[in-house]
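K.L.:
Next comes entry.cif, mmCIF, C-alpha atoms:
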```
data_entry
loop_
_atom_site.label_atom_id
_atom_site.label_comp_id
_atom_site.auth_asym_id
_atom_site.auth_seq_id
_atom_site.Cartn_x
_atom_site.Cartn_y
_atom_site.Cartn_z
CA MET A 29 -12.18 -5.69 -29.71
CA ILE A 30 -9.99 -6.44 -26.68
CA ASN A 31 -9.10 -10.09 -26.21
CA ARG A 32 -10.43 -11.08 -22.77
CA SER A 33 -7.55 -13.44 -22.03
CA LEU A 34 -5.06 -10.65 -22.75
CA VAL A 35 -6.99 -8.30 -20.45
CA ILE A 36 -6.91 -10.84 -17.63
CA ALA A 37 -3.23 -11.57 -18.15
CA SER A 38 -2.44 -7.83 -18.13
CA CYS A 39 -4.42 -7.38 -14.92
CA LEU A 40 -2.77 -10.29 -13.17
CA LEU A 41 0.70 -9.17 -14.20
CA GLY A 42 -0.12 -5.66 -13.00
CA GLY A 43 -1.19 -6.89 -9.57
CA GLY A 44 -4.78 -5.97 -10.27
CA ALA A 45 -4.16 -2.28 -10.91
CA VAL A 46 -6.11 -0.74 -13.77
CA VAL A 47 -4.08 -0.79 -16.96
CA VAL A 48 -4.33 2.41 -18.98
CA GLY A 49 -6.26 1.80 -22.18
CA LEU A 50 -7.92 -1.36 -20.86
CA PRO A 51 -11.17 -0.25 -19.20
CA ALA A 52 -12.30 -3.86 -18.71
CA CYS A 53 -9.19 -4.68 -16.70
CA SER A 54 -10.61 -4.31 -13.18
CA SER A 55 -13.80 -6.27 -13.81
CA ALA A 56 -11.90 -9.02 -15.66
CA TYR A 57 -9.41 -9.25 -12.82
CA TYR A 58 -12.14 -9.45 -10.17
CA ARG A 59 -14.03 -12.13 -12.13
CA THR A 60 -10.86 -14.17 -12.43
CA MET A 61 -10.07 -13.85 -8.72
CA GLU A 62 -13.65 -14.73 -7.77
CA ALA A 63 -13.28 -17.92 -9.79
CA PHE A 64 -10.45 -18.79 -7.38
CA GLY A 65 -12.60 -17.94 -4.35
CA LYS A 66 -11.08 -14.49 -3.77
CA GLU A 67 -13.56 -11.68 -3.20
CA LYS A 68 -12.76 -7.96 -3.19
CA ARG A 69 -12.48 -8.10 0.60
CA ASP A 70 -9.73 -10.73 0.32
CA ILE A 71 -7.97 -8.76 -2.41
CA LEU A 72 -8.07 -5.60 -0.30
CA ALA A 73 -6.56 -7.42 2.68
CA SER A 74 -3.77 -8.70 0.43
CA ARG A 75 -3.14 -5.22 -0.99
CA VAL A 76 -3.00 -3.66 2.48
CA LYS A 77 -0.48 -6.29 3.60
CA SER A 78 1.60 -5.61 0.49
CA ALA A 79 1.49 -1.87 1.19
CA GLN A 80 2.66 -2.51 4.76
CA GLU A 81 5.61 -4.51 3.47
CA GLY A 82 6.47 -1.79 0.97
CA GLN A 83 6.45 0.86 3.69
CA GLN A 84 8.62 -1.27 5.95
CA ASP A 85 11.13 -1.84 3.13
CA ALA A 86 11.20 1.88 2.34
CA LYS A 87 11.70 2.80 5.98
CA GLU A 88 14.67 0.45 6.26
CA GLN A 89 16.16 1.69 2.97
CA PHE A 90 15.96 5.35 4.00
CA GLU A 91 17.49 4.58 7.40
CA SER A 92 20.41 2.68 5.90
CA ALA A 93 20.91 5.28 3.14
CA LEU A 94 21.14 8.05 5.75
CA ASP A 95 23.62 6.04 7.80
CA ARG A 96 25.89 5.39 4.80
CA PHE A 97 25.65 8.99 3.59
CA SER A 98 26.55 10.32 7.04
CA LYS A 99 29.61 8.07 7.23
CA LEU A 100 30.75 9.05 3.75
CA VAL A 101 30.58 12.82 4.21
CA ASN A 102 32.11 12.67 7.69
CA ALA A 103 35.06 10.52 6.66
CA GLU A 104 38.31 12.51 6.66
CA ASP A 105 39.86 10.72 3.69
CA SER A 106 36.78 9.81 1.69
CA ASP A 107 37.24 8.44 -1.83
CA LEU A 108 35.16 11.09 -3.64
CA ARG A 109 34.28 8.99 -6.67
CA ARG A 110 33.33 6.08 -4.45
CA ALA A 111 31.30 8.39 -2.20
CA TYR A 112 29.35 9.67 -5.20
CA ASP A 113 28.77 6.20 -6.64
CA ARG A 114 27.48 4.85 -3.33
CA SER A 115 25.26 7.87 -2.73
CA LYS A 116 23.84 7.68 -6.25
CA SER A 117 23.13 3.97 -5.81
CA ASP A 118 21.35 4.67 -2.50
CA LEU A 119 19.34 7.46 -4.10
CA ASP A 120 18.23 5.15 -6.91
CA ARG A 121 17.20 2.44 -4.46
CA SER A 122 15.34 4.95 -2.30
CA GLN A 123 13.46 6.30 -5.31
CA ASP A 124 12.54 2.76 -6.33
CA LYS A 125 11.24 2.00 -2.84
CA ALA A 126 9.23 5.24 -2.84
CA LYS A 127 7.71 4.33 -6.22
CA THR A 128 6.74 0.91 -4.87
CA VAL A 129 5.06 2.52 -1.85
CA HIS A 130 3.16 4.90 -4.14
CA ASP A 131 1.97 2.11 -6.44
CA ARG A 132 0.85 -0.13 -3.59
CA ILE A 133 -1.06 2.64 -1.83
CA GLU A 134 -2.74 3.45 -5.13
CA SER A 135 -3.76 -0.19 -5.56
CA VAL A 136 -5.19 -0.25 -2.02
CA GLU A 137 -7.25 2.85 -2.82
CA ASP A 138 -8.52 1.37 -6.10
CA VAL A 139 -9.68 -1.93 -4.61
CA GLY A 140 -11.11 -0.20 -1.54
CA GLN A 141 -13.27 2.11 -3.66
CA ASP A 142 -14.45 -0.81 -5.79
CA LEU A 143 -15.32 -2.81 -2.66
CA PHE A 144 -17.32 0.02 -1.10
CA ASN A 145 -19.12 0.80 -4.36
CA GLU A 146 -20.16 -2.85 -4.64
CA TRP A 147 -21.17 -2.98 -0.98
CA GLU A 148 -23.31 0.14 -1.33
CA ALA A 149 -24.99 -1.15 -4.49
CA GLU A 150 -25.80 -4.46 -2.80
CA LEU A 151 -27.66 -2.72 0.02
CA LYS A 152 -30.61 -2.46 -2.39
CA GLN A 153 -30.80 -6.24 -2.57
CA TYR A 154 -31.91 -6.61 1.07
CA SER A 155 -35.59 -7.33 1.51
CA ARG A 156 -35.53 -6.61 5.26
CA ASP A 157 -35.05 -3.02 6.35
CA ASP A 158 -33.38 -3.96 9.65
CA LEU A 159 -30.71 -6.02 7.89
CA ARG A 160 -30.17 -3.25 5.34
CA ARG A 161 -29.65 -0.71 8.13
CA GLN A 162 -27.23 -3.05 9.90
CA ALA A 163 -25.24 -3.60 6.70
CA ASN A 164 -25.22 0.14 5.97
CA SER A 165 -23.94 0.89 9.47
CA GLN A 166 -21.17 -1.65 9.04
CA LEU A 167 -20.32 -0.17 5.64
CA LYS A 168 -19.99 3.31 7.12
CA ASP A 169 -17.77 2.11 9.99
CA THR A 170 -15.50 0.12 7.69
CA ARG A 171 -15.24 2.98 5.22
CA ARG A 172 -14.36 5.44 7.98
CA GLN A 173 -11.59 3.14 9.20
CA PHE A 174 -10.40 2.64 5.63
CA ASP A 175 -10.26 6.40 5.05
CA GLN A 176 -8.22 6.85 8.25
CA MET A 177 -5.79 4.14 7.14
CA LEU A 178 -5.49 5.57 3.63
CA ALA A 179 -4.83 9.07 5.00
CA ALA A 180 -2.06 7.66 7.22
CA MET A 181 -0.54 5.85 4.24
CA LYS A 182 -0.54 9.02 2.16
CA ARG A 183 1.04 11.05 4.97
CA ALA A 184 3.78 8.44 5.19
CA GLU A 185 4.24 8.56 1.44
CA ALA A 186 4.46 12.37 1.47
CA SER A 187 7.11 12.25 4.21
CA MET A 188 9.51 10.61 1.74
CA ASP A 189 9.50 13.63 -0.58
CA PRO A 190 11.68 16.04 1.45
CA VAL A 191 14.21 13.25 2.10
CA LEU A 192 14.42 12.37 -1.57
CA GLN A 193 14.70 16.03 -2.59
CA THR A 194 17.51 16.77 -0.15
CA PHE A 195 19.29 13.55 -1.00
CA GLN A 196 18.98 14.19 -4.72
CA ASP A 197 20.35 17.73 -4.35
CA SER A 198 23.34 16.38 -2.44
CA VAL A 199 24.07 13.68 -5.00
CA LEU A 200 23.83 16.19 -7.86
CA MET A 201 26.18 18.55 -6.08
CA MET A 202 28.67 15.73 -5.60
CA LYS A 203 28.41 14.87 -9.28
CA HIS A 204 28.94 18.43 -10.52
CA THR A 205 31.63 19.55 -8.09
CA LEU A 206 33.38 16.43 -6.92
CA ASN A 207 35.89 17.79 -4.44
CA ALA A 208 36.64 17.45 -0.75
CA GLN A 209 35.25 20.92 0.08
CA THR A 210 31.88 20.04 -1.43
CA VAL A 211 31.66 16.80 0.51
CA ALA A 212 32.66 18.54 3.73
CA ALA A 213 30.01 21.22 3.16
CA MET A 214 27.39 18.52 3.09
CA ARG A 215 27.96 17.62 6.71
CA GLY A 216 25.34 20.18 7.67
CA THR A 217 22.90 18.44 5.35
CA VAL A 218 23.12 15.27 7.43
CA ALA A 219 21.31 16.93 10.34
CA GLU A 220 18.52 18.02 8.00
CA LEU A 221 18.25 14.52 6.58
CA GLU A 222 18.24 13.00 10.06
CA ARG A 223 15.28 15.18 11.02
CA ASP A 224 13.35 14.33 7.88
CA VAL A 225 14.13 10.62 8.08
CA ARG A 226 13.00 10.54 11.71
CA ARG A 227 9.72 12.12 10.66
CA LEU A 228 9.47 9.62 7.81
CA ILE A 229 10.02 6.69 10.18
CA ASP A 230 7.40 8.00 12.61
CA GLU A 231 4.84 8.42 9.81
CA MET A 232 5.63 4.97 8.40
CA GLU A 233 5.20 3.34 11.80
CA ARG A 234 1.92 5.15 12.39
CA SER A 235 0.72 4.10 8.95
CA ILE A 236 1.68 0.46 9.50
CA ALA A 237 -0.09 0.47 12.88
CA GLU A 238 -3.21 2.02 11.32
CA SER A 239 -3.11 -0.63 8.60
CA GLU A 240 -2.87 -3.35 11.23
CA ARG A 241 -5.95 -2.02 13.02
CA PHE A 242 -7.88 -1.92 9.75
CA MET A 243 -6.82 -5.49 8.90
CA GLN A 244 -8.05 -6.72 12.27
CA GLU A 245 -11.40 -5.04 11.73
CA LEU A 246 -11.67 -6.31 8.16
CA GLN A 247 -11.00 -9.89 9.22
CA LYS A 248 -13.62 -9.95 11.96
CA PRO A 249 -16.27 -12.62 11.28
#
```
Before we go any further, please render this structure as C-alpha cells.
P.N.:
Amino acid sequence: MINRSLVIASCLLGGGAVVVGLPACSSAYYRTMEAFGKEKRDILASRVKSAQEGQQDAKEQFESALDRFSKLVNAEDSDLRRAYDRSKSDLDRSQDKAKTVHDRIESVEDVGQDLFNEWEAELKQYSRDDLRRQANSQLKDTRRQFDQMLAAMKRAEASMDPVLQTFQDSVLMMKHTLNAQTVAAMRGTVAELERDVRRLIDEMERSIAESERFMQELQKP
C-alpha cells in the first residue's frame, strides 16, 4: 500500500506532475493544494506562467549560444580546445533549457486536461438548464483557447530541435577533429543556425503572447 504522505511529498517535489508508478499522485497533489485554497484553475495559471518563463530562458540561452559560437568559429586565432569546451558547455545548457521547456509544457497539458475533465463532469450537477448551457459554452471557449495556446507552445518546443541537432553535430565534429580547418568549415553552419534560431525566437514569442492571452481570459471574473 502506498503511503499517502510519501505520495503527496513526491507530487509536491515533482511540481505536481504525475510520478510514474504512483497513480494516486495527481489526486493527492490536488487535494493538498485545495487544502491551501488552490484550485486546478489556480494551478494551471501557475503552470502556464512557469512555462512562459522556461520559454523565455530558453530563447535567451539559444540566442547567446549562437552569438558565442559565431564568434568562436570566426576568430582567426581561436584556441581550439577552449572553443570546443565553450561550445560543449553551451550545448549542455541549451539541452537543459529545452528539457525544462518540455517538462513545463507537459505539466500545463496535464493540469489543463484534469481541469477540463472536472469541469465537464460538474456540468451534471447543475439543476437549471440555462446555467448548465452557459457553463458548457464557457467550457468550450476556454478549452478552445487552451488548445490554441498548447499548440503554440508545442510549435515553439519543436523549433528547438533543428538548432540542437545542428549545434550537437558541430560540437561532435569539433571533438573528433579538433583542428583549425574543421572550425573554419563550420562558418557556413552559423548561417544555418542563425536561420533556425530566428525561427525559434519567433515561435517562442508567439507562444508567450498566446499564453498571455489565455492567462487574461482565465483570470476574468
K.L.:
I'd like the contact shell of Met181 of chain A - 10 Å cut-off, all atoms listed in the file, skipping same-chain residues fewer than 2 positions apart - returned as a list in words.
P.N.:
Val76, Ala79, Gln80, Gln83, Val129, His130, Arg132, Ile133, Glu134, Val136, Asp175, Gln176, Met177, Leu178, Ala179, Arg183, Ala184, Glu185, Ala186, Ser187, Glu231, Met232, Glu233, Arg234, Ser235, Ile236, Glu238 and Ser239 of chain A
K.L.:
Hey, what's within 9 Å of Phe97 of chain A if we count only C-alpha atoms and toss same-chain stuff fewer than 6 positions away? As a list in words, please?
P.N.:
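Non-adjacent residues within range: Ala111, Arg114, Ser115, Asp118 and Val218 of chain A.
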K.L.:
For Met243 of chain A, which of A:Lys99, A:Gln173, A:Thr217, A:Thr205 is the closest residue, counting all atoms listed in the file?
P.N.:
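For Met243 of chain A, the nearest of the given residues is A:Gln173.
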K.L.:
If we count only C-alpha atoms and set the cut-off at 10 Å, which residues sit around segment 157-172 of chain A, ignoring sequence neighbours fewer than 6 positions away in its own chain? Please answer as a list in words.
P.N.:
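Residues near the query, excluding close chain neighbours: Gly140, Gln141, Leu143, Phe144, Trp147, Glu148, Glu150, Leu151, Leu178, Phe242, Glu245 and Leu246 of chain A.
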K.L.:
Which is closer to Val211 of chain A than all the others in A:Ala237, A:Ala63, A:Leu100, A:Met188, using only C-alpha atoms?
P.N.:
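Residue with the minimum atom-to-atom distance to Val211 of chain A: A:Leu100.
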K.L.:
What does the distance from atom CA of Asp224 of chain A to atom CA of Val191 of chain A come to in Å, to one decimal?
P.N.:
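Here the two named atoms are 5.9 Å from each other.
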K.L.:
Residues picked by the PyMOL selection byres ((chain A and resi 225) around 9) here, as a PyMOL selection string?
P.N.:
chain A and resi 87+90-91+94+187-188+190-191+220-224+226-230
K.L.:
To one decimal place in Å, what is the distance between atom CA of Ser135 of chain A and atom CA of Ser117 of chain A?
P.N.:
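Interatomic distance here is 27.2 Å.
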K.L.:
Measuring atom to atom with only C-alpha atoms, identify which of A:Met61, A:Leu192, A:Val101, A:Leu72 is nearest to Asp120 of chain A.
P.N.:
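Counting only C-alpha atoms, the residue closest to Asp120 of chain A is A:Leu192.
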K.L.:
Smallest atom-to-atom distance to Ala219 of chain A: which of A:Cys53, A:Lys127, A:Ser98, A:Lys77, using all atoms listed in the file?
P.N.:
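Closest to Ala219 of chain A of all the choices is A:Ser98.
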K.L.:
Ranking A:Phe174, A:Thr194, A:Asn207, A:Asp131 by minimum distance to Gln244 of chain A and counting only C-alpha atoms, which one comes first?
P.N.:
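Ranking A:Phe174, A:Thr194, A:Asn207, A:Asp131 by distance to Gln244 of chain A, first place goes to A:Phe174.
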K.L.:
Expressed in Å to a single decimal, how great is the separation between atom CA of Lys66 of chain A and atom CA of Gln153 of chain A?
P.N.:
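That distance, rounded to one decimal, is 21.4 Å.
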K.L.:
Give the answer as one residue: which of A:Gln247, A:Lys203, A:Ala86, A:Thr210 has the shortest atom-to-atom distance to Asp113 of chain A, using all atoms listed in the file?
P.N.:
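Distance minimum relative to Asp113 of chain A lands on A:Lys203.
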K.L.:
Filtering to N, CA and C atoms, could segment 137-176 of chain A of the supplied structure be written out as an mmCIF file, in the first residue's frame?
P.N.:
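Ended up saving to decode.cif:
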```cif
data_model
loop_
_atom_site.group_PDB
_atom_site.id
_atom_site.type_symbol
_atom_site.label_atom_id
_atom_site.label_comp_id
_atom_site.auth_asym_id
_atom_site.auth_seq_id
_atom_site.Cartn_x
_atom_site.Cartn_y
_atom_site.Cartn_z
ATOM 1 N N GLU A 137 -0.210 20.772 -19.914
ATOM 2 C CA GLU A 137 -1.172 19.894 -20.580
ATOM 3 C C GLU A 137 -1.869 18.981 -19.581
ATOM 4 N N ASP A 138 -1.112 18.429 -18.629
ATOM 5 C CA ASP A 138 -1.696 17.518 -17.641
ATOM 6 C C ASP A 138 -2.752 18.211 -16.784
ATOM 7 N N VAL A 139 -2.399 19.377 -16.240
ATOM 8 C CA VAL A 139 -3.342 20.080 -15.371
ATOM 9 C C VAL A 139 -4.533 20.591 -16.173
ATOM 10 N N GLY A 140 -4.279 21.054 -17.398
ATOM 11 C CA GLY A 140 -5.376 21.525 -18.240
ATOM 12 C C GLY A 140 -6.389 20.431 -18.505
ATOM 13 N N GLN A 141 -5.927 19.236 -18.851
ATOM 14 C CA GLN A 141 -6.851 18.134 -19.109
ATOM 15 C C GLN A 141 -7.624 17.758 -17.856
ATOM 16 N N ASP A 142 -6.950 17.754 -16.709
ATOM 17 C CA ASP A 142 -7.638 17.442 -15.453
ATOM 18 C C ASP A 142 -8.690 18.498 -15.134
ATOM 19 N N LEU A 143 -8.362 19.764 -15.378
ATOM 20 C CA LEU A 143 -9.319 20.841 -15.123
ATOM 21 C C LEU A 143 -10.553 20.702 -15.999
ATOM 22 N N PHE A 144 -10.356 20.446 -17.288
ATOM 23 C CA PHE A 144 -11.496 20.357 -18.203
ATOM 24 C C PHE A 144 -12.325 19.097 -17.946
ATOM 25 N N ASN A 145 -11.670 18.010 -17.564
ATOM 26 C CA ASN A 145 -12.423 16.799 -17.212
ATOM 27 C C ASN A 145 -13.310 17.041 -15.997
ATOM 28 N N GLU A 146 -12.768 17.730 -15.007
ATOM 29 C CA GLU A 146 -13.547 18.055 -13.809
ATOM 30 C C GLU A 146 -14.702 18.988 -14.147
ATOM 31 N N TRP A 147 -14.406 20.001 -14.949
ATOM 32 C CA TRP A 147 -15.410 20.988 -15.352
ATOM 33 C C TRP A 147 -16.560 20.303 -16.078
ATOM 34 N N GLU A 148 -16.214 19.419 -17.011
ATOM 35 C CA GLU A 148 -17.244 18.706 -17.781
ATOM 36 C C GLU A 148 -18.093 17.813 -16.881
ATOM 37 N N ALA A 149 -17.451 17.129 -15.944
ATOM 38 C CA ALA A 149 -18.188 16.254 -15.032
ATOM 39 C C ALA A 149 -19.131 17.058 -14.147
ATOM 40 N N GLU A 150 -18.725 18.255 -13.777
ATOM 41 C CA GLU A 150 -19.540 19.074 -12.873
ATOM 42 C C GLU A 150 -20.733 19.717 -13.567
ATOM 43 N N LEU A 151 -20.760 19.680 -14.900
ATOM 44 C CA LEU A 151 -21.928 20.204 -15.603
ATOM 45 C C LEU A 151 -23.196 19.453 -15.202
ATOM 46 N N LYS A 152 -23.049 18.176 -14.868
ATOM 47 C CA LYS A 152 -24.201 17.350 -14.484
ATOM 48 C C LYS A 152 -24.799 17.776 -13.147
ATOM 49 N N GLN A 153 -24.061 18.558 -12.383
ATOM 50 C CA GLN A 153 -24.537 18.956 -11.062
ATOM 51 C C GLN A 153 -25.500 20.143 -11.114
ATOM 52 N N TYR A 154 -25.564 20.825 -12.266
ATOM 53 C CA TYR A 154 -26.491 21.961 -12.384
ATOM 54 C C TYR A 154 -27.933 21.462 -12.400
ATOM 55 N N SER A 155 -28.785 22.154 -11.679
ATOM 56 C CA SER A 155 -30.211 21.821 -11.704
ATOM 57 C C SER A 155 -30.945 22.644 -12.762
ATOM 58 N N ARG A 156 -30.392 23.805 -13.107
ATOM 59 C CA ARG A 156 -31.006 24.675 -14.112
ATOM 60 C C ARG A 156 -30.333 24.488 -15.462
ATOM 61 N N ASP A 157 -31.144 24.243 -16.476
ATOM 62 C CA ASP A 157 -30.612 24.004 -17.817
ATOM 63 C C ASP A 157 -29.901 25.226 -18.388
ATOM 64 N N ASP A 158 -30.433 26.421 -18.104
ATOM 65 C CA ASP A 158 -29.826 27.629 -18.671
ATOM 66 C C ASP A 158 -28.417 27.859 -18.109
ATOM 67 N N LEU A 159 -28.237 27.587 -16.818
ATOM 68 C CA LEU A 159 -26.919 27.739 -16.217
ATOM 69 C C LEU A 159 -25.958 26.658 -16.724
ATOM 70 N N ARG A 160 -26.487 25.461 -16.948
ATOM 71 C CA ARG A 160 -25.649 24.382 -17.477
ATOM 72 C C ARG A 160 -25.166 24.738 -18.881
ATOM 73 N N ARG A 161 -26.068 25.284 -19.709
ATOM 74 C CA ARG A 161 -25.680 25.668 -21.068
ATOM 75 C C ARG A 161 -24.639 26.786 -21.046
ATOM 76 N N GLN A 162 -24.834 27.742 -20.140
ATOM 77 C CA GLN A 162 -23.874 28.844 -20.024
ATOM 78 C C GLN A 162 -22.499 28.326 -19.605
ATOM 79 N N ALA A 163 -22.484 27.427 -18.622
ATOM 80 C CA ALA A 163 -21.214 26.851 -18.161
ATOM 81 C C ALA A 163 -20.558 26.013 -19.258
ATOM 82 N N ASN A 164 -21.358 25.286 -20.015
ATOM 83 C CA ASN A 164 -20.832 24.457 -21.102
ATOM 84 C C ASN A 164 -20.235 25.318 -22.211
ATOM 85 N N SER A 165 -20.887 26.448 -22.493
ATOM 86 C CA SER A 165 -20.377 27.362 -23.508
ATOM 87 C C SER A 165 -19.036 27.956 -23.070
ATOM 88 N N GLN A 166 -18.967 28.321 -21.798
ATOM 89 C CA GLN A 166 -17.720 28.860 -21.268
ATOM 90 C C GLN A 166 -16.613 27.807 -21.287
ATOM 91 N N LEU A 167 -16.966 26.577 -20.973
ATOM 92 C CA LEU A 167 -16.009 25.470 -21.018
ATOM 93 C C LEU A 167 -15.442 25.311 -22.421
ATOM 94 N N LYS A 168 -16.311 25.321 -23.421
ATOM 95 C CA LYS A 168 -15.867 25.138 -24.799
ATOM 96 C C LYS A 168 -14.943 26.268 -25.246
ATOM 97 N N ASP A 169 -15.292 27.518 -24.873
ATOM 98 C CA ASP A 169 -14.458 28.659 -25.253
ATOM 99 C C ASP A 169 -13.084 28.580 -24.605
ATOM 100 N N THR A 170 -13.080 28.254 -23.306
ATOM 101 C CA THR A 170 -11.811 28.185 -22.578
ATOM 102 C C THR A 170 -10.951 27.050 -23.108
ATOM 103 N N ARG A 171 -11.581 25.930 -23.427
ATOM 104 C CA ARG A 171 -10.823 24.788 -23.944
ATOM 105 C C ARG A 171 -10.245 25.093 -25.317
ATOM 106 N N ARG A 172 -11.007 25.787 -26.137
ATOM 107 C CA ARG A 172 -10.507 26.165 -27.470
ATOM 108 C C ARG A 172 -9.283 27.065 -27.333
ATOM 109 N N GLN A 173 -9.354 28.039 -26.431
ATOM 110 C CA GLN A 173 -8.224 28.935 -26.216
ATOM 111 C C GLN A 173 -7.019 28.184 -25.627
ATOM 112 N N PHE A 174 -7.309 27.233 -24.759
ATOM 113 C CA PHE A 174 -6.242 26.419 -24.176
ATOM 114 C C PHE A 174 -5.551 25.595 -25.264
ATOM 115 N N ASP A 175 -6.344 24.987 -26.136
ATOM 116 C CA ASP A 175 -5.778 24.175 -27.217
ATOM 117 C C ASP A 175 -4.908 25.016 -28.143
ATOM 118 N N GLN A 176 -5.340 26.246 -28.418
ATOM 119 C CA GLN A 176 -4.541 27.147 -29.263
ATOM 120 C C GLN A 176 -3.211 27.465 -28.583
#
```
